[in-house]
2 protein chains.
Amino acid sequence: MPTFNPVTPELITQLTAILGAGSVSTARADIDLHAKDQSQHHAVPPEVVVWPTAAQQVADILKLANELHVPVTPWGVGTGLEGNSIPVRGGILMSFERMTNIVQVHADDFQVTVQPGIGHKDLNAQLARYGLFFPPDPGANATVGGMLANNAAGIRTVKYGASKDNVLKMQVALADGRLIHVGSRSVKQSAGYDLLHLFVGSEGTLGVITEATLKLVPIPQFMSAAIAAFPTIKSAVETVVAVRGSGLDPAALELIDATHTKMLREAEGVDLVDHPTLFMEFHAAQEATLEAGLEMVKEICDEMGALSFRSTTDSTERKKLWHARHASYEIMVRSHPDKTFFINDVAVPISAYPELIAYVEQLRDERHITCYMIGHAGDGNIHVEFPFQGEAEYQNALETNGLIVLKALELGGTATGEHGVGIGKAKYMPNEHGDGLNVMKSIKETLDPNGILNPGKIFIETEHESVE
Amino acid sequence: MPTFNPVTPELITQLTAILGAGSVSTARADIDLHAKDQSQHHAVPPEVVVWPTAAQQVADILKLANELHVPVTPWGVGTGLEGNSIPVRGGILMSFERMTNIVQVHADDFQVTVQPGIGHKDLNAQLARYGLFFPPDPGANATVGGMLANNAAGIRTVKYGASKDNVLKMQVALADGRLIHVGSRSVKQSAGYDLLHLFVGSEGTLGVITEATLKLVPIPQFMSAAIAAFPTIKSAVETVVAVRGSGLDPAALELIDATHTKMLREAEGVDLVDHPTLFMEFHAAQEATLEAGLEMVKEICDEMGALSFRSTTDSTERKKLWHARHASYEIMVRSHPDKTFFINDVAVPISAYPELIAYVEQLRDERHITCYMIGHAGDGNIHVEFPFQGEAEYQNALETNGLIVLKALELGGTATGEHGVGIGKAKYMPNEHGDGLNVMKSIKETLDPNGILNPGKIFIETEHESVE
């Protein structure tokens, strides 16, 4: 584990020289605001918060911190769900709150170049006038930099891909203060090693993203939605496979389990039955495509034994149909006002999805634990959500989470589909990657020999194994 | 530049101990067969050819070669176009001709696991019974391992992506003999560094792919085609942007320039006019979608001033319409029976495509050189094809190629969209990547400290700068 030096008054002076007076703070309020993300992981305060406004400032700060062996943790807007941006070793917290510009819209290229601190919802609001949007949507208004650093995904990944699939080029500041670019604005590039995707998903541990050129897609002219309930998870998943196999190219294929639909119905009278329910969305350039598509989807659902089927091409109706899915997290939180939530995130090949879910149901019964399942079924990704209060319930959730992760790995899946490794998943990486983890470590040591970049994440550090 | 040792009789004995007697050869015929790919680069013979049949054998050979400082060059089937698999430093040529098995079809997961030596056409022939296919298609029956190592792409990249977008997991043998796996059969994974995409496109210089799990897609139920000629390259490219912006999601968007259509018409009476011509293909799950789509495409082409428009949803007619594009290379070669071909490969953001092409036309006139342009216009990728005979014509082609590469880089593009760096593009990498190239080098040194893996590729080695 790397040894670090504390942030000294001299360093504060140097940071102020780089950034100016209003961009460096050790005030309690600023420190506390940047000590914790939206996960259940404990708060750890940084020693100083800085707000760069330009890439060169980011690079200069890294160079300085590297020379002094002071850790640097990049911070988007704190919506991470695995402690990815908690500064567990203290040091410098680098906020991107003041790097939110759209640098250039390349409308004919279906691209936009942005600073990393812009929220993806804010970006899409500004792109609407061009008829274009950046598709990854993790729910919260996460920053583009945070989404890229964690390879965030969300509901529409089944059609449009995760963050990694929607970025072409980045500028990255390295630990030694070099500023490099990776990738190309050309959508095709076979020119050497794919450094772009090495930095995407590296959670700020290899370099800090200072600018990104994103792929955009045309805002679909027509959208439809369908909801269907099934007698079993198995028949719901068989429907997912059949819909994807039909070539219909759904834009979203979401699953809510029966416990979750029951909670939604009881809490807010949402019009659902207590059975596994699929939420589907389709995008098209022409209305005829959608209507023909919905007929085909209905046929598939009927064939798979759907208990109910509702669909629409009307935009108001569509929003109503999807309301239960979009509001499911808020409704769940409102239904458990005294609880904190522990959110699990694993993914498996879709054929293993029924077995994974059956295992979670078995654990729920055996361990007398409350949990809800909501999944990006089209991608084999599931979130098991555990409300807890107090240490005993927390430990039960933590252990159950661990068993689910091990099961996902046994089924050929991953410990994290979209939340990243952060603090909580580091302990599973040896199991998931085997000797590949040593290759990752050797790359980390090559690019960040002093270990200053977001320490305590991805790789196990004995002292911090118990940070959770 | 690394120093290597020659292949000795002792090493031959050791290789034979690993592989068995029939899998190691120093016979002239075998050596000559593996000295050259389909590019214009000079042949360089390996010292010995080996045919492993299992991943562990690959790993054992690398370990041995690494200890002895003997270079190893992996070989698929020799269809590379940039000298990527020419063993320029001699040593061991590792052919994957005997690792062609389909390991497992995961039909419900839309995945297949294969050994690296299988040809993608052979793979797709076997997958047809499942209604699935592996979409990247570089033309020749390249091996899957070679396609992944070079991130090959081809005609349908605009819809389905390049090789890097169609792989989920690989087993890779490292220089020190470790066998690791990278990626996951889960389609979503945010679990640490993306080693999968670090090895994809690394041209066998970081490790050797011994197994790959590929993403498959349903064979489209319905396909349509359209051909339209335009007065200028600019209007053709504006049509490309409009078609993509419409949300129609074309499966292919190809451009042939007027010189090329003229040659096709004169050589074989192909029914084309002497104007820039777009070839389009669309895939759909339902016939209604295609018909509505073709109407929309015709409207766009008319609006952009198309001189002609032909389209069809009939499969026989579609093949006829596309014949000129599919056979263009063969027809060109037949039209120049005494010539060798130098094939350029660059890509730019689509908005820069007209400027790039205008520059090639200018060079053609100024330098009195014969060349044809054929492009994956949907991706901004172009191939300028130079027939040449004798040193003077070769030098002219080589220099013209260099000027085109520099122009592509100036326009924010790349020196290679899909052929890889190999030998010929190494000299442009400092320009394309700047300090990023040093990061690539440091990763190379970390994973292959003795430099035994496919030496002389991607990075400039002074001695071999003049290999062309």
# chains A, B, ... in the order shown; residues from 1 in each chain; ligands from 1

call {"tool": "select_by_dssp", "arguments": {"residues": "stretch 103-281 of chain B", "states": "helix (DSSP H, G or I)", "output": "ChimeraX atom specification"}}
result
/B:107-109,120-130,144-150,157-160,163-166,195-199,233-245,258-268

call {"tool": "residues_around", "arguments": {"residues": "A:Gly207", "least_positions_apart": "6", "cutoff": "12 Å", "atoms": "only C-alpha atoms", "output": "PyMOL selection string"}}
result
(chain A and resi 58-59+62-63+66+72-74+145+148-149+170-182+195-196+198-201+443-444+446-449+451-455) or (chain B and resi 439)

call {"tool": "select_by_dssp", "arguments": {"residues": "stretch 123-296 of chain B", "states": "strand (DSSP E)", "output": "VMD selection string"}}
result
chain B and resid 132 to 133 167 to 173 179 to 183 208 to 215 217 to 218 222 to 229 252 to 256 277 to 284

call {"tool": "write_last_selection", "arguments": {"atoms": "C-alpha atoms", "output": "compact mmCIF listing (two decimals), in the first residue's frame"}}
result
# COMPACT_ATOMS: atom_id res chain seq x y z
CA LEU B 132 -27.13 -15.88 -35.92
CA PHE B 133 -24.02 -14.32 -37.43
CA VAL B 167 -16.10 -9.46 -28.79
CA LEU B 168 -16.85 -10.03 -25.11
CA LYS B 169 -14.12 -12.19 -23.70
CA MET B 170 -10.77 -13.61 -24.74
CA GLN B 171 -8.13 -15.94 -23.43
CA VAL B 172 -4.69 -14.46 -24.05
CA ALA B 173 -1.21 -15.95 -23.68
CA LEU B 179 -2.62 -17.57 -19.73
CA ILE B 180 -5.16 -14.99 -18.67
CA HIS B 181 -8.76 -14.24 -19.54
CA VAL B 182 -9.95 -10.71 -20.26
CA GLY B 183 -13.53 -9.42 -20.48
CA VAL B 208 -1.49 -13.87 -28.31
CA ILE B 209 -5.24 -14.53 -28.48
CA THR B 210 -5.93 -18.22 -27.84
CA GLU B 211 -9.73 -18.17 -27.54
CA ALA B 212 -12.49 -15.60 -28.05
CA THR B 213 -16.15 -15.27 -27.16
CA LEU B 214 -17.87 -13.23 -29.85
CA LYS B 215 -21.13 -11.29 -29.84
CA VAL B 217 -26.66 -10.85 -33.94
CA PRO B 218 -29.79 -12.36 -35.47
CA PHE B 222 -35.40 -8.69 -44.49
CA MET B 223 -32.78 -6.72 -46.40
CA SER B 224 -33.01 -3.97 -48.96
CA ALA B 225 -30.51 -2.17 -51.15
CA ALA B 226 -30.32 1.17 -52.90
CA ILE B 227 -27.83 2.78 -55.27
CA ALA B 228 -27.72 6.47 -56.04
CA ALA B 229 -25.32 8.58 -58.12
CA ALA B 252 -23.87 -0.36 -45.17
CA LEU B 253 -23.17 3.05 -46.70
CA GLU B 254 -20.46 2.71 -49.32
CA LEU B 255 -19.03 5.21 -51.76
CA ILE B 256 -17.27 4.60 -55.08
CA THR B 277 -22.09 6.57 -56.32
CA LEU B 278 -23.51 5.49 -52.95
CA PHE B 279 -24.33 1.87 -52.22
CA MET B 280 -26.72 1.41 -49.30
CA GLU B 281 -28.09 -1.59 -47.48
CA PHE B 282 -30.76 -1.79 -44.79
CA HIS B 283 -31.67 -4.66 -42.46
CA ALA B 284 -35.00 -5.11 -40.67

call {"tool": "atom_distance", "arguments": {"atom1": "atom CA of A:His383", "atom2": "atom CA of A:Gly402"}}
result
13.1 Å

call {"tool": "closest_residue", "arguments": {"among": "B:Cys301, B:Ala65, B:Val48, B:Met429", "to": "chain A", "atoms": "only C-alpha atoms"}}
result
B:Met429

call {"tool": "interface_residues", "arguments": {"of": "chain B", "to": "chain A", "cutoff": "7 Å", "atoms": "only C-alpha atoms", "output": "PDB file with C-alpha atoms, in the first residue's frame"}}
result
ATOM      1  CA  ASP B 108     -29.595 -17.959 -26.073  1.00  0.00           C
ATOM      2  CA  ASP B 109     -26.831 -15.514 -25.167  1.00  0.00           C
ATOM      3  CA  ASN B 150      -6.051  -5.946 -36.057  1.00  0.00           C
ATOM      4  CA  ASN B 151      -9.512  -4.699 -35.118  1.00  0.00           C
ATOM      5  CA  ILE B 180      -5.161 -14.990 -18.671  1.00  0.00           C
ATOM      6  CA  HIS B 181      -8.763 -14.236 -19.545  1.00  0.00           C
ATOM      7  CA  VAL B 182      -9.952 -10.713 -20.257  1.00  0.00           C
ATOM      8  CA  SER B 184     -16.618 -11.383 -19.516  1.00  0.00           C
ATOM      9  CA  ARG B 185     -19.490 -13.295 -21.089  1.00  0.00           C
ATOM     10  CA  SER B 186     -21.695 -10.725 -19.376  1.00  0.00           C
ATOM     11  CA  VAL B 187     -22.427  -8.064 -22.002  1.00  0.00           C
ATOM     12  CA  LYS B 188     -22.026  -5.413 -19.317  1.00  0.00           C
ATOM     13  CA  GLN B 189     -18.902  -5.243 -17.182  1.00  0.00           C
ATOM     14  CA  SER B 190     -17.457  -2.333 -15.198  1.00  0.00           C
ATOM     15  CA  ALA B 191     -15.030  -4.401 -13.178  1.00  0.00           C
ATOM     16  CA  GLY B 192     -11.603  -2.807 -13.452  1.00  0.00           C
ATOM     17  CA  TYR B 193      -9.473  -2.020 -16.469  1.00  0.00           C
ATOM     18  CA  ASP B 194     -10.717  -2.947 -19.924  1.00  0.00           C
ATOM     19  CA  LEU B 195      -7.899  -5.339 -20.785  1.00  0.00           C
ATOM     20  CA  HIS B 197      -9.839  -3.803 -25.651  1.00  0.00           C
ATOM     21  CA  LEU B 198      -6.174  -3.331 -24.797  1.00  0.00           C
ATOM     22  CA  GLY B 201      -6.063  -4.230 -32.022  1.00  0.00           C
ATOM     23  CA  SER B 202      -2.636  -4.697 -30.417  1.00  0.00           C
ATOM     24  CA  PRO B 218     -29.789 -12.358 -35.465  1.00  0.00           C
ATOM     25  CA  PRO B 220     -31.827 -10.053 -40.550  1.00  0.00           C
ATOM     26  CA  VAL B 241     -25.122  12.502 -43.075  1.00  0.00           C
ATOM     27  CA  GLY B 245     -29.458  11.622 -39.152  1.00  0.00           C
ATOM     28  CA  SER B 246     -32.855  10.249 -40.186  1.00  0.00           C
ATOM     29  CA  GLY B 247     -32.438   7.415 -37.719  1.00  0.00           C
ATOM     30  CA  LEU B 248     -32.737   4.794 -40.472  1.00  0.00           C
ATOM     31  CA  ALA B 285     -37.067  -7.552 -38.702  1.00  0.00           C
ATOM     32  CA  ALA B 288     -42.962  -3.006 -43.753  1.00  0.00           C
ATOM     33  CA  THR B 289     -39.976  -1.297 -42.138  1.00  0.00           C
ATOM     34  CA  ALA B 347     -10.479   7.537 -41.844  1.00  0.00           C
ATOM     35  CA  VAL B 348     -11.723  10.985 -40.830  1.00  0.00           C
ATOM     36  CA  PRO B 349     -14.787  12.495 -39.155  1.00  0.00           C
ATOM     37  CA  ILE B 350     -17.482  12.342 -41.859  1.00  0.00           C
ATOM     38  CA  SER B 351     -17.699  16.141 -42.110  1.00  0.00           C
ATOM     39  CA  ASP B 379     -17.732   5.610 -41.137  1.00  0.00           C
ATOM     40  CA  GLY B 380     -15.576   8.236 -42.847  1.00  0.00           C
ATOM     41  CA  GLY B 412      -8.768  14.996 -37.087  1.00  0.00           C
ATOM     42  CA  GLY B 413      -8.692  11.483 -38.482  1.00  0.00           C
ATOM     43  CA  THR B 414      -6.500   8.423 -38.223  1.00  0.00           C
ATOM     44  CA  ALA B 415      -3.656   6.816 -40.206  1.00  0.00           C
ATOM     45  CA  THR B 416      -5.597   3.559 -40.258  1.00  0.00           C
ATOM     46  CA  GLY B 417      -9.301   2.882 -39.948  1.00  0.00           C
ATOM     47  CA  GLU B 418      -9.206  -0.900 -40.201  1.00  0.00           C
ATOM     48  CA  HIS B 419      -5.963  -2.324 -41.614  1.00  0.00           C
ATOM     49  CA  GLY B 420      -3.867  -1.713 -38.515  1.00  0.00           C
ATOM     50  CA  VAL B 421      -0.443  -0.139 -38.117  1.00  0.00           C
ATOM     51  CA  ASP B 435       2.820  11.521 -25.948  1.00  0.00           C
ATOM     52  CA  GLY B 436       0.123   8.818 -25.979  1.00  0.00           C
ATOM     53  CA  MET B 440       1.656   2.640 -25.419  1.00  0.00           C
ATOM     54  CA  ILE B 443       2.631  -0.738 -21.610  1.00  0.00           C
ATOM     55  CA  ILE B 458       3.278  -0.465 -34.457  1.00  0.00           C
TER      56      ILE B 458
END

call {"tool": "atom_distance", "arguments": {"atom1": "atom CA of B:Ile404", "atom2": "atom CA of B:Glu366"}}
result
13.4 Å

call {"tool": "closest_residue", "arguments": {"among": "B:Gly146, B:Pro250, B:Pro337, B:Gly154", "to": "B:Gln115", "atoms": "only C-alpha atoms"}}
result
B:Gly146

call {"tool": "residues_around", "arguments": {"residues": "stretch 232-237 of chain B", "least_positions_apart": "6", "cutoff": "7 Å", "atoms": "only C-alpha atoms", "output": "PyMOL selection string"}}
result
chain B and resi 276+278+304+354

call {"tool": "atom_distance", "arguments": {"atom1": "atom CA of A:Asn101", "atom2": "atom CA of A:Asp37"}}
result
23.3 Å
